[in-house]
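Asks: Shown below is the structure under consideration.
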Amino acid sequence: MTVTSKSRSTESTQPHWLEWLVGAVSAVLIIAMTGWIAGEAILHQETAPEFRVENLATQVVKDGFRVEFEIFNDGTSTAAAVKVRGELIRGGQVTETAETTFDYVPGRSSSRGGLFFSQSPAGGDIRIRALGYTEP
Amino acid sequence: MVVGDGRQNERRQIDADADRLLKGVARGAAGALIFGLPMLMTMELWFLGFYMERYRLLILLLANLPLLVVLAHRIGFEETFTWSQALRDAVIAYGIAIAMSAAVLTLLGIAKLGMPPTDIVGKIVIQAVPASIGALLGRSQLGGEDQSSSAGDDQNENDFSTSYGRELFMMAIGALFLSLNVAPTEEIILISYKMTPWHATATVALSILVMHAFVYAVAFRGAHQLTVGTPRWHALIRFTLPGYVVALLMSLYVLWTLGRLDDTTPAQILMSAIVLGFPGAVGAAAARLIL
(Lines give C-alpha, C1' and ligand atoms only; values in the text may rest on other atoms or scores of the structure.)
Protein backbone atom coordinates (compact mmCIF):
# COMPACT_ATOMS: atom_id res chain seq x y z
CA MET A 1 0.00 0.00 0.00
CA THR A 2 2.94 2.37 0.02
CA VAL A 3 2.48 4.65 -2.95
CA THR A 4 5.95 6.04 -2.80
CA SER A 5 7.68 2.73 -2.92
CA LYS A 6 7.53 2.47 -6.68
CA SER A 7 9.56 5.61 -7.10
CA ARG A 8 12.28 4.59 -4.70
CA SER A 9 15.21 3.23 -6.58
CA THR A 10 17.57 0.70 -5.19
CA GLU A 11 21.07 0.57 -6.54
CA SER A 12 22.05 -2.80 -7.89
CA THR A 13 24.08 -5.06 -5.61
CA GLN A 14 26.23 -6.38 -8.41
CA PRO A 15 27.38 -3.27 -10.24
CA HIS A 16 29.02 -3.45 -13.63
CA TRP A 17 32.80 -3.07 -13.54
CA LEU A 18 32.38 0.03 -15.70
CA GLU A 19 30.65 1.78 -12.81
CA TRP A 20 33.68 1.21 -10.61
CA LEU A 21 36.00 2.39 -13.35
CA VAL A 22 34.04 5.61 -13.89
CA GLY A 23 33.88 6.09 -10.14
CA ALA A 24 37.61 5.58 -9.73
CA VAL A 25 38.46 7.97 -12.58
CA SER A 26 36.12 10.56 -11.09
CA ALA A 27 37.67 10.19 -7.66
CA VAL A 28 41.13 10.69 -9.14
CA LEU A 29 39.98 13.77 -11.07
CA ILE A 30 38.36 15.36 -8.04
CA ILE A 31 41.33 14.61 -5.79
CA ALA A 32 43.71 16.01 -8.39
CA MET A 33 41.62 19.15 -8.78
CA THR A 34 41.30 19.72 -5.06
CA GLY A 35 44.97 19.01 -4.62
CA TRP A 36 45.90 21.54 -7.23
CA ILE A 37 43.74 24.22 -5.66
CA ALA A 38 45.06 23.40 -2.21
CA GLY A 39 48.57 23.70 -3.61
CA GLU A 40 47.61 27.03 -5.09
CA ALA A 41 46.28 28.10 -1.70
CA ILE A 42 49.47 27.13 0.09
CA LEU A 43 52.11 28.13 -2.44
CA HIS A 44 50.80 31.21 -4.15
CA GLN A 45 50.91 34.39 -2.22
CA GLU A 46 48.37 36.99 -3.05
CA THR A 47 49.94 39.86 -4.93
CA ALA A 48 48.28 43.14 -5.76
CA PRO A 49 47.20 43.76 -9.36
CA GLU A 50 49.95 45.01 -11.63
CA PHE A 51 49.10 46.19 -15.08
CA ARG A 52 50.94 46.09 -18.35
CA VAL A 53 49.44 47.25 -21.63
CA GLU A 54 50.27 46.14 -25.14
CA ASN A 55 49.02 48.04 -28.16
CA LEU A 56 47.69 45.63 -30.71
CA ALA A 57 46.58 47.58 -33.75
CA THR A 58 45.41 50.93 -35.01
CA GLN A 59 42.54 51.10 -37.43
CA VAL A 60 40.85 53.91 -39.29
CA VAL A 61 37.18 54.21 -38.31
CA LYS A 62 34.47 56.64 -39.29
CA ASP A 63 35.37 59.67 -37.18
CA GLY A 64 38.96 58.94 -36.38
CA PHE A 65 41.16 56.09 -35.28
CA ARG A 66 40.72 53.08 -33.08
CA VAL A 67 43.62 51.81 -31.04
CA GLU A 68 43.09 48.27 -29.82
CA PHE A 69 45.05 47.13 -26.82
CA GLU A 70 45.38 44.31 -24.36
CA ILE A 71 45.83 44.90 -20.65
CA PHE A 72 47.61 42.23 -18.61
CA ASN A 73 47.26 41.81 -14.89
CA ASP A 74 50.50 40.26 -13.65
CA GLY A 75 49.35 40.15 -10.04
CA THR A 76 47.38 37.22 -8.65
CA SER A 77 44.47 39.35 -7.39
CA THR A 78 41.65 40.34 -9.66
CA ALA A 79 41.02 44.02 -10.23
CA ALA A 80 37.58 45.46 -10.84
CA ALA A 81 36.55 48.76 -12.47
CA VAL A 82 39.97 49.22 -14.03
CA LYS A 83 40.17 52.68 -15.55
CA VAL A 84 42.50 52.96 -18.51
CA ARG A 85 43.66 56.16 -20.18
CA GLY A 86 45.41 56.52 -23.49
CA GLU A 87 47.44 59.60 -24.33
CA LEU A 88 48.51 60.68 -27.77
CA ILE A 89 51.86 62.41 -27.46
CA ARG A 90 53.37 64.59 -30.16
CA GLY A 91 56.60 66.46 -29.64
CA GLY A 92 56.51 65.86 -25.91
CA GLN A 93 52.99 67.30 -25.63
CA VAL A 94 49.82 65.39 -24.84
CA THR A 95 47.52 66.35 -27.68
CA GLU A 96 44.60 64.03 -27.01
CA THR A 97 43.37 61.57 -24.38
CA ALA A 98 40.83 58.75 -24.46
CA GLU A 99 39.52 56.63 -21.61
CA THR A 100 37.73 53.38 -21.00
CA THR A 101 36.88 51.20 -18.00
CA PHE A 102 37.14 47.42 -17.67
CA ASP A 103 34.65 45.67 -15.42
CA TYR A 104 37.27 43.09 -14.49
CA VAL A 105 40.85 42.24 -15.25
CA PRO A 106 41.35 38.84 -13.55
CA GLY A 107 44.62 37.96 -11.86
CA ARG A 108 47.26 36.51 -14.21
CA SER A 109 44.93 37.16 -17.13
CA SER A 110 44.29 39.81 -19.68
CA SER A 111 41.40 41.75 -21.15
CA ARG A 112 41.07 43.55 -24.44
CA GLY A 113 39.62 46.89 -25.29
CA GLY A 114 39.82 49.82 -27.68
CA LEU A 115 40.27 53.59 -27.47
CA PHE A 116 39.15 56.17 -30.01
CA PHE A 117 41.25 59.12 -31.09
CA SER A 118 40.20 61.81 -33.52
CA GLN A 119 43.77 62.57 -34.58
CA SER A 120 45.93 60.10 -36.38
CA PRO A 121 48.31 58.31 -34.04
CA ALA A 122 50.78 58.06 -36.90
CA GLY A 123 53.89 60.11 -36.25
CA GLY A 124 52.97 60.40 -32.58
CA ASP A 125 53.32 58.17 -29.60
CA ILE A 126 50.44 56.43 -27.85
CA ARG A 127 50.82 55.70 -24.19
CA ILE A 128 48.15 53.61 -22.50
CA ARG A 129 48.15 52.99 -18.78
CA ALA A 130 45.84 51.95 -15.97
CA LEU A 131 44.74 54.78 -13.70
CA GLY A 132 43.19 52.80 -10.90
CA TYR A 133 41.06 49.86 -9.84
CA THR A 134 38.85 48.59 -7.06
CA GLU A 135 38.89 45.22 -5.33
CA PRO A 136 36.01 43.09 -6.53
CA MET B 1 -21.96 -4.48 -36.51
CA VAL B 2 -18.67 -5.58 -35.06
CA VAL B 3 -16.94 -3.44 -37.68
CA GLY B 4 -19.06 -0.41 -36.72
CA ASP B 5 -18.20 -0.85 -33.07
CA GLY B 6 -14.55 -1.04 -33.96
CA ARG B 7 -14.74 2.24 -35.88
CA GLN B 8 -16.49 3.95 -33.02
CA ASN B 9 -13.90 2.71 -30.60
CA GLU B 10 -11.21 3.91 -32.93
CA ARG B 11 -12.72 7.37 -33.11
CA ARG B 12 -13.13 7.48 -29.36
CA GLN B 13 -9.49 6.44 -29.07
CA ILE B 14 -8.42 9.22 -31.44
CA ASP B 15 -10.45 11.79 -29.49
CA ALA B 16 -8.92 10.63 -26.24
CA ASP B 17 -5.45 10.78 -27.81
CA ALA B 18 -6.02 14.32 -29.07
CA ASP B 19 -7.33 15.36 -25.67
CA ARG B 20 -4.32 13.88 -23.95
CA LEU B 21 -1.95 15.58 -26.39
CA LEU B 22 -3.63 18.97 -25.89
CA LYS B 23 -3.45 18.54 -22.15
CA GLY B 24 0.19 17.59 -22.53
CA VAL B 25 0.87 20.71 -24.59
CA ALA B 26 -0.81 22.90 -21.97
CA ARG B 27 1.22 21.26 -19.22
CA GLY B 28 4.34 21.72 -21.30
CA ALA B 29 3.57 25.42 -21.68
CA ALA B 30 3.05 25.68 -17.93
CA GLY B 31 6.34 23.90 -17.32
CA ALA B 32 8.14 26.14 -19.78
CA LEU B 33 6.83 29.16 -17.86
CA ILE B 34 7.64 27.83 -14.41
CA PHE B 35 11.16 26.77 -15.31
CA GLY B 36 11.81 29.47 -17.89
CA LEU B 37 10.58 32.66 -16.20
CA PRO B 38 13.60 33.22 -13.96
CA MET B 39 15.76 33.23 -17.08
CA LEU B 40 13.31 35.15 -19.22
CA MET B 41 13.62 37.92 -16.66
CA THR B 42 17.40 37.88 -16.45
CA MET B 43 18.99 40.87 -18.14
CA GLU B 44 22.29 39.17 -18.88
CA LEU B 45 20.56 36.53 -20.96
CA TRP B 46 18.94 39.15 -23.19
CA PHE B 47 22.37 40.62 -23.83
CA LEU B 48 23.89 37.19 -24.39
CA GLY B 49 21.21 36.62 -26.99
CA PHE B 50 22.86 39.12 -29.27
CA TYR B 51 26.49 39.13 -28.31
CA MET B 52 27.27 35.48 -27.74
CA GLU B 53 29.14 33.80 -30.53
CA ARG B 54 26.79 32.28 -33.05
CA TYR B 55 28.58 28.98 -33.39
CA ARG B 56 28.44 28.41 -29.65
CA LEU B 57 24.74 29.23 -29.70
CA LEU B 58 24.31 26.78 -32.57
CA ILE B 59 26.12 24.00 -30.68
CA LEU B 60 23.91 24.61 -27.64
CA LEU B 61 20.75 24.45 -29.74
CA LEU B 62 21.82 21.29 -31.55
CA ALA B 63 23.01 19.60 -28.36
CA ASN B 64 19.70 20.39 -26.70
CA LEU B 65 17.71 18.20 -29.07
CA PRO B 66 19.23 14.77 -28.31
CA LEU B 67 19.15 15.75 -24.65
CA LEU B 68 15.42 16.42 -24.89
CA VAL B 69 14.86 13.16 -26.75
CA VAL B 70 16.51 11.13 -23.99
CA LEU B 71 14.63 13.13 -21.37
CA ALA B 72 11.35 12.61 -23.22
CA HIS B 73 12.02 8.91 -23.48
CA ARG B 74 12.63 8.78 -19.77
CA ILE B 75 9.69 10.77 -18.46
CA GLY B 76 7.29 10.64 -21.38
CA PHE B 77 5.36 13.59 -22.71
CA GLU B 78 2.37 11.35 -23.09
CA GLU B 79 3.48 7.84 -22.24
CA THR B 80 6.42 7.68 -24.56
CA PHE B 81 7.75 4.28 -25.36
CA THR B 82 9.48 4.31 -28.70
CA TRP B 83 12.32 6.58 -29.69
CA SER B 84 10.36 8.07 -32.57
CA GLN B 85 7.64 9.08 -30.12
CA ALA B 86 10.32 10.49 -27.85
CA LEU B 87 11.68 12.50 -30.78
CA ARG B 88 8.19 13.83 -31.51
CA ASP B 89 7.67 14.80 -27.89
CA ALA B 90 11.08 16.46 -27.72
CA VAL B 91 10.33 18.50 -30.83
CA ILE B 92 6.92 19.49 -29.45
CA ALA B 93 8.52 20.57 -26.16
CA TYR B 94 11.15 22.56 -28.05
CA GLY B 95 8.41 24.18 -30.11
CA ILE B 96 6.38 25.07 -27.03
CA ALA B 97 9.50 26.52 -25.43
CA ILE B 98 10.28 28.69 -28.46
CA ALA B 99 6.69 29.92 -28.63
CA MET B 100 6.54 30.66 -24.90
CA SER B 101 9.91 32.44 -24.94
CA ALA B 102 8.85 34.56 -27.91
CA ALA B 103 5.52 35.37 -26.25
CA VAL B 104 7.01 36.33 -22.89
CA LEU B 105 9.87 38.35 -24.38
CA THR B 106 7.35 40.23 -26.53
CA LEU B 107 5.09 40.76 -23.54
CA LEU B 108 7.95 42.18 -21.49
CA GLY B 109 8.90 44.52 -24.32
CA ILE B 110 12.33 42.95 -24.74
CA ALA B 111 11.73 41.68 -28.25
CA LYS B 112 10.21 44.45 -30.34
CA LEU B 113 9.48 45.02 -33.98
CA GLY B 114 12.24 46.95 -35.66
CA MET B 115 15.01 45.20 -33.74
CA PRO B 116 17.54 43.37 -35.87
CA PRO B 117 16.32 39.81 -36.55
CA THR B 118 19.55 38.24 -35.22
CA ASP B 119 18.97 40.06 -31.95
CA ILE B 120 15.37 38.87 -31.57
CA VAL B 121 16.06 35.32 -32.73
CA GLY B 122 19.17 35.06 -30.54
CA LYS B 123 17.24 36.17 -27.46
CA ILE B 124 14.35 33.79 -28.06
CA VAL B 125 16.50 30.85 -28.98
CA ILE B 126 18.80 30.96 -25.95
CA GLN B 127 15.77 31.13 -23.66
CA ALA B 128 14.19 28.19 -25.43
CA VAL B 129 16.86 25.79 -24.14
CA PRO B 130 16.01 25.93 -20.42
CA ALA B 131 12.33 26.47 -21.24
CA SER B 132 12.23 23.28 -23.32
CA ILE B 133 13.61 21.26 -20.41
CA GLY B 134 10.91 22.92 -18.31
CA ALA B 135 8.27 21.99 -20.87
CA LEU B 136 9.23 18.33 -20.64
CA LEU B 137 9.48 18.42 -16.85
CA GLY B 138 6.12 20.18 -16.68
CA ARG B 139 4.52 17.14 -18.18
CA SER B 140 6.14 14.79 -15.71
CA GLN B 141 5.85 16.91 -12.56
CA LEU B 142 2.48 18.57 -13.09
CA GLY B 143 0.92 15.49 -14.61
CA GLY B 144 0.74 13.16 -11.67
CA GLU B 145 -0.93 10.22 -13.41
CA ASP B 146 0.64 7.81 -15.89
CA GLN B 147 3.72 7.57 -13.72
CA SER B 148 3.62 3.83 -13.41
CA SER B 149 4.30 3.44 -17.11
CA SER B 150 7.71 5.06 -16.91
CA ALA B 151 8.58 3.03 -13.85
CA GLY B 152 7.66 -0.14 -15.70
CA ASP B 153 9.75 1.02 -18.61
CA ASP B 154 12.78 1.19 -16.39
CA GLN B 155 12.44 -2.32 -15.11
CA ASN B 156 12.60 -3.65 -18.64
CA GLU B 157 16.14 -2.48 -18.92
CA ASN B 158 18.48 -5.19 -17.87
CA ASP B 159 21.65 -3.79 -19.34
CA PHE B 160 23.65 -2.45 -16.42
CA SER B 161 25.88 -0.03 -18.23
CA THR B 162 22.98 1.45 -20.19
CA SER B 163 21.00 2.37 -17.11
CA TYR B 164 24.18 3.60 -15.43
CA GLY B 165 24.91 5.79 -18.44
CA ARG B 166 21.31 6.96 -18.30
CA GLU B 167 21.74 7.87 -14.65
CA LEU B 168 24.80 9.99 -15.45
CA PHE B 169 22.92 11.50 -18.38
CA MET B 170 20.04 12.54 -16.15
CA MET B 171 22.53 14.15 -13.77
CA ALA B 172 24.02 16.02 -16.72
CA ILE B 173 20.59 17.37 -17.65
CA GLY B 174 19.89 18.49 -14.09
CA ALA B 175 23.30 20.13 -13.84
CA LEU B 176 22.90 21.81 -17.23
CA PHE B 177 19.52 23.18 -16.29
CA LEU B 178 20.56 24.71 -12.99
CA SER B 179 23.89 25.90 -14.39
CA LEU B 180 22.11 27.66 -17.25
CA ASN B 181 19.84 29.27 -14.68
CA VAL B 182 22.70 30.75 -12.73
CA ALA B 183 25.62 31.09 -15.13
CA PRO B 184 24.50 34.11 -17.17
CA THR B 185 24.59 36.43 -14.17
CA GLU B 186 27.73 38.37 -13.40
CA GLU B 187 27.65 37.07 -9.84
CA ILE B 188 29.26 33.75 -10.80
CA ILE B 189 32.32 35.55 -12.12
CA LEU B 190 32.34 37.97 -9.20
CA ILE B 191 32.10 35.16 -6.64
CA SER B 192 34.98 33.29 -8.24
CA TYR B 193 37.07 36.46 -7.95
CA LYS B 194 36.12 36.96 -4.32
CA MET B 195 36.83 33.37 -3.31
CA THR B 196 40.24 32.24 -2.14
CA PRO B 197 41.48 28.73 -3.05
CA TRP B 198 40.50 27.69 0.48
CA HIS B 199 36.92 28.70 -0.17
CA ALA B 200 37.05 26.68 -3.38
CA THR B 201 38.21 23.46 -1.68
CA ALA B 202 35.45 23.87 0.89
CA THR B 203 32.92 24.36 -1.92
CA VAL B 204 34.07 21.15 -3.60
CA ALA B 205 33.65 19.19 -0.37
CA LEU B 206 30.27 20.75 0.35
CA SER B 207 29.00 20.15 -3.19
CA ILE B 208 29.83 16.44 -2.98
CA LEU B 209 28.33 16.18 0.51
CA VAL B 210 25.12 17.92 -0.52
CA MET B 211 24.84 15.75 -3.62
CA HIS B 212 25.27 12.55 -1.68
CA ALA B 213 22.94 13.60 1.13
CA PHE B 214 20.25 14.71 -1.33
CA VAL B 215 20.06 11.33 -2.95
CA TYR B 216 20.84 8.88 -0.17
CA ALA B 217 20.45 10.39 3.27
CA VAL B 218 17.52 12.80 3.13
CA ALA B 219 14.48 10.64 2.50
CA PHE B 220 12.88 12.59 -0.31
CA ARG B 221 10.33 10.95 -2.50
CA GLY B 222 12.31 9.22 -5.21
CA ALA B 223 15.36 8.90 -2.99
CA HIS B 224 17.74 6.08 -3.76
CA GLN B 225 18.32 3.23 -1.42
CA LEU B 226 21.23 0.94 -0.96
CA THR B 227 20.65 -2.71 -0.41
CA VAL B 228 21.35 -3.84 3.12
CA GLY B 229 24.99 -4.63 3.66
CA THR B 230 26.30 -2.34 0.93
CA PRO B 231 28.72 0.16 2.43
CA ARG B 232 27.84 3.82 1.89
CA TRP B 233 31.09 4.61 0.14
CA HIS B 234 30.11 2.25 -2.69
CA ALA B 235 27.43 4.66 -3.85
CA LEU B 236 29.73 7.59 -3.21
CA ILE B 237 32.33 6.24 -5.62
CA ARG B 238 29.94 4.84 -8.20
CA PHE B 239 27.37 7.61 -8.37
CA THR B 240 28.11 10.76 -6.41
CA LEU B 241 31.70 11.37 -7.49
CA PRO B 242 31.04 10.71 -11.21
CA GLY B 243 27.95 12.89 -10.81
CA TYR B 244 30.06 15.71 -9.43
CA VAL B 245 32.52 15.39 -12.30
CA VAL B 246 29.56 15.50 -14.70
CA ALA B 247 28.27 18.64 -12.93
CA LEU B 248 31.71 20.25 -13.24
CA LEU B 249 31.92 19.37 -16.93
CA MET B 250 28.47 20.85 -17.53
CA SER B 251 29.55 23.99 -15.67
CA LEU B 252 32.60 24.26 -17.89
CA TYR B 253 30.48 23.74 -20.98
CA VAL B 254 27.94 26.39 -19.95
CA LEU B 255 30.68 28.86 -19.02
CA TRP B 256 32.39 28.26 -22.35
CA THR B 257 29.10 28.65 -24.22
CA LEU B 258 28.44 31.97 -22.56
CA GLY B 259 31.99 33.13 -23.29
CA ARG B 260 33.00 33.34 -19.64
CA LEU B 261 36.23 31.39 -20.10
CA ASP B 262 37.78 33.53 -22.81
CA ASP B 263 41.21 35.00 -22.00
CA THR B 264 41.19 33.43 -18.56
CA THR B 265 43.89 31.45 -16.79
CA PRO B 266 43.33 27.77 -15.94
CA ALA B 267 43.17 28.63 -12.23
CA GLN B 268 40.35 31.12 -12.80
CA ILE B 269 38.54 28.71 -15.13
CA LEU B 270 38.64 26.06 -12.43
CA MET B 271 37.42 28.50 -9.79
CA SER B 272 34.41 29.55 -11.90
CA ALA B 273 33.66 25.90 -12.67
CA ILE B 274 33.68 25.06 -8.96
CA VAL B 275 31.42 28.00 -8.16
CA LEU B 276 28.96 27.03 -10.87
CA GLY B 277 29.46 23.37 -10.01
CA PHE B 278 27.74 23.94 -6.70
CA PRO B 279 24.30 24.71 -8.17
CA GLY B 280 25.16 22.17 -10.88
CA ALA B 281 25.68 19.46 -8.25
CA VAL B 282 22.39 20.33 -6.58
CA GLY B 283 20.69 20.19 -10.00
CA ALA B 284 22.28 16.82 -10.76
CA ALA B 285 21.16 15.39 -7.43
CA ALA B 286 17.66 16.79 -7.88
CA ALA B 287 17.49 15.23 -11.34
CA ARG B 288 18.18 11.80 -9.83
CA LEU B 289 15.28 12.30 -7.47
CA ILE B 290 12.81 13.82 -9.91
CA LEU B 291 13.50 11.93 -13.12
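Just remember, in the C-alpha coordinates the first chain shown is A, the second B, etc., residues are 1-based per chain, and ligands are 1-based in the order shown.
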Identify, on the basis of only C-alpha atoms, every residue whose closest approach to Glu46 (chain A) does not exceed 9 Å; exclude the query and any residue fewer than 6 positions from it along the same chain; express the result as an mmCIF file with N, CA and C atoms, in the first residue's frame.

Replies:
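Just written: around_36.cif:
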```cif
data_model
loop_
_atom_site.group_PDB
_atom_site.id
_atom_site.type_symbol
_atom_site.label_atom_id
_atom_site.label_comp_id
_atom_site.auth_asym_id
_atom_site.auth_seq_id
_atom_site.Cartn_x
_atom_site.Cartn_y
_atom_site.Cartn_z
ATOM 1 N N GLY A 75 49.558 40.534 -11.437
ATOM 2 C CA GLY A 75 49.346 40.147 -10.043
ATOM 3 C C GLY A 75 48.425 38.953 -9.971
ATOM 4 N N THR A 76 48.283 38.370 -8.774
ATOM 5 C CA THR A 76 47.382 37.222 -8.649
ATOM 6 C C THR A 76 45.967 37.648 -8.277
ATOM 7 N N SER A 77 45.811 38.887 -7.759
ATOM 8 C CA SER A 77 44.468 39.346 -7.386
ATOM 9 C C SER A 77 43.759 39.941 -8.596
#
```

Asks: Please list as a list in words every residue within 6 Å of region 44-56 of chain B, counting only C-alpha atoms and excluding residues in the same chain fewer than 4 positions away.

Replies: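 Counting only the stated atoms, we get Asp119, Gly122, Lys123, Pro184, Thr185 and Thr257 of chain B.
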
Asks: Create the file for the chosen residues now, containing all heavy atoms and written as an mmCIF file, in the first residue's frame.

Replies:
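Written out: part_37.cif:
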```cif
data_model
loop_
_atom_site.group_PDB
_atom_site.id
_atom_site.type_symbol
_atom_site.label_atom_id
_atom_site.label_comp_id
_atom_site.auth_asym_id
_atom_site.auth_seq_id
_atom_site.Cartn_x
_atom_site.Cartn_y
_atom_site.Cartn_z
ATOM 1 N N ASP B 119 19.148 39.706 -33.358
ATOM 2 C CA ASP B 119 18.966 40.063 -31.952
ATOM 3 C C ASP B 119 17.751 39.323 -31.377
ATOM 4 O O ASP B 119 17.852 38.610 -30.373
ATOM 5 C CB ASP B 119 18.776 41.581 -31.877
ATOM 6 C CG ASP B 119 18.717 42.080 -30.441
ATOM 7 O OD1 ASP B 119 18.778 41.238 -29.538
ATOM 8 O OD2 ASP B 119 18.609 43.294 -30.242
ATOM 9 N N GLY B 122 18.167 35.477 -31.529
ATOM 10 C CA GLY B 122 19.165 35.065 -30.541
ATOM 11 C C GLY B 122 18.578 35.036 -29.139
ATOM 12 O O GLY B 122 18.780 34.083 -28.385
ATOM 13 N N LYS B 123 17.831 36.082 -28.798
ATOM 14 C CA LYS B 123 17.240 36.170 -27.455
ATOM 15 C C LYS B 123 16.241 35.037 -27.223
ATOM 16 O O LYS B 123 16.230 34.406 -26.171
ATOM 17 C CB LYS B 123 16.510 37.505 -27.295
ATOM 18 C CG LYS B 123 17.419 38.653 -26.952
ATOM 19 C CD LYS B 123 16.633 39.954 -26.938
ATOM 20 C CE LYS B 123 17.552 41.114 -26.630
ATOM 21 N NZ LYS B 123 16.956 42.393 -27.009
ATOM 22 N N PRO B 184 24.455 32.856 -16.413
ATOM 23 C CA PRO B 184 24.495 34.114 -17.166
ATOM 24 C C PRO B 184 24.757 35.330 -16.293
ATOM 25 O O PRO B 184 25.244 36.337 -16.771
ATOM 26 C CB PRO B 184 23.094 34.213 -17.790
ATOM 27 C CG PRO B 184 22.532 32.860 -17.722
ATOM 28 C CD PRO B 184 23.157 32.200 -16.545
ATOM 29 N N THR B 185 24.436 35.256 -15.009
ATOM 30 C CA THR B 185 24.590 36.434 -14.169
ATOM 31 C C THR B 185 26.065 36.701 -13.900
ATOM 32 O O THR B 185 26.895 35.802 -13.920
ATOM 33 C CB THR B 185 23.870 36.239 -12.818
ATOM 34 O OG1 THR B 185 24.454 35.133 -12.162
ATOM 35 C CG2 THR B 185 22.402 35.971 -13.031
ATOM 36 N N THR B 257 30.157 28.226 -23.306
ATOM 37 C CA THR B 257 29.104 28.647 -24.224
ATOM 38 C C THR B 257 28.796 30.130 -24.058
ATOM 39 O O THR B 257 28.593 30.849 -25.036
ATOM 40 C CB THR B 257 27.824 27.830 -23.978
ATOM 41 O OG1 THR B 257 28.130 26.465 -24.203
ATOM 42 C CG2 THR B 257 26.705 28.244 -24.903
#
```

Asks: Rounded to one decimal, what separation in Å do you get between CA of Ile191 (chain B) and CA of Phe239 (chain B)?

Replies: 28.0 Å

Asks: Kindly give the distance, in Å, that separates CA of Leu261 (chain B) and CA of Ile189 (chain B), rounded to a single decimal.

Replies: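 Separation of CA of Leu261 (chain B) and CA of Ile189 (chain B): 9.8 Å.
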
Asks: Calculated over only C-alpha atoms, which of the candidates B:Leu249, B:Ala273, B:Val104, B:Leu178 has the smallest distance to Ala32 (chain B)?

Replies: B:Val104

Asks: Nearest to Gly124 (chain A): which of A:Val105, A:Ala98, A:Ile89, A:Ala48 is it, counting only C-alpha atoms?

Replies: A:Ile89

Asks: So, counting only C-alpha atoms, which residue among B:Ile126, B:Ala217, B:Ala247, B:Leu289 is closest to Thr42 (chain B)?

Replies: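 Closest to Thr42 (chain B), using only C-alpha atoms: B:Ile126.
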
Asks: Measuring between only C-alpha atoms, which one of B:Ala172, B:Val125, B:Val204, B:Val69 shows the shortest distance to chain A?

Replies: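 Among the listed residues, B:Val204 lies closest to chain A.
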
Asks: Which one of A:Asp103, A:Phe69, A:Ala81, A:Tyr133 sits closest to Phe116 (chain A) if you count only C-alpha atoms?

Replies: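 Between A:Asp103, A:Phe69, A:Ala81, A:Tyr133, the residue approaching Phe116 (chain A) most closely is A:Phe69.
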
Asks: Extract the full set of alpha helix (DSSP H) residues from region 83-198 of chain B according to DSSP on the backbone, and format it as a ChimeraX atom specification.

Replies: /B:83-107,117-143,147-155,160-182,187-194,197-198

Asks: If I take CA of Ala267 (chain B) and CA of Gln45 (chain A), how far is one from the other in Å, to one decimal?

Replies: 13.9 Å

Asks: Select, from A:Glu19, A:Arg66, A:Leu131, A:Pro136, the residue with the minimum atom-to-atom distance to Glu186 (chain B), counting only C-alpha atoms.

Replies: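 Among A:Glu19, A:Arg66, A:Leu131, A:Pro136, it is A:Pro136 that comes nearest to Glu186 (chain B).
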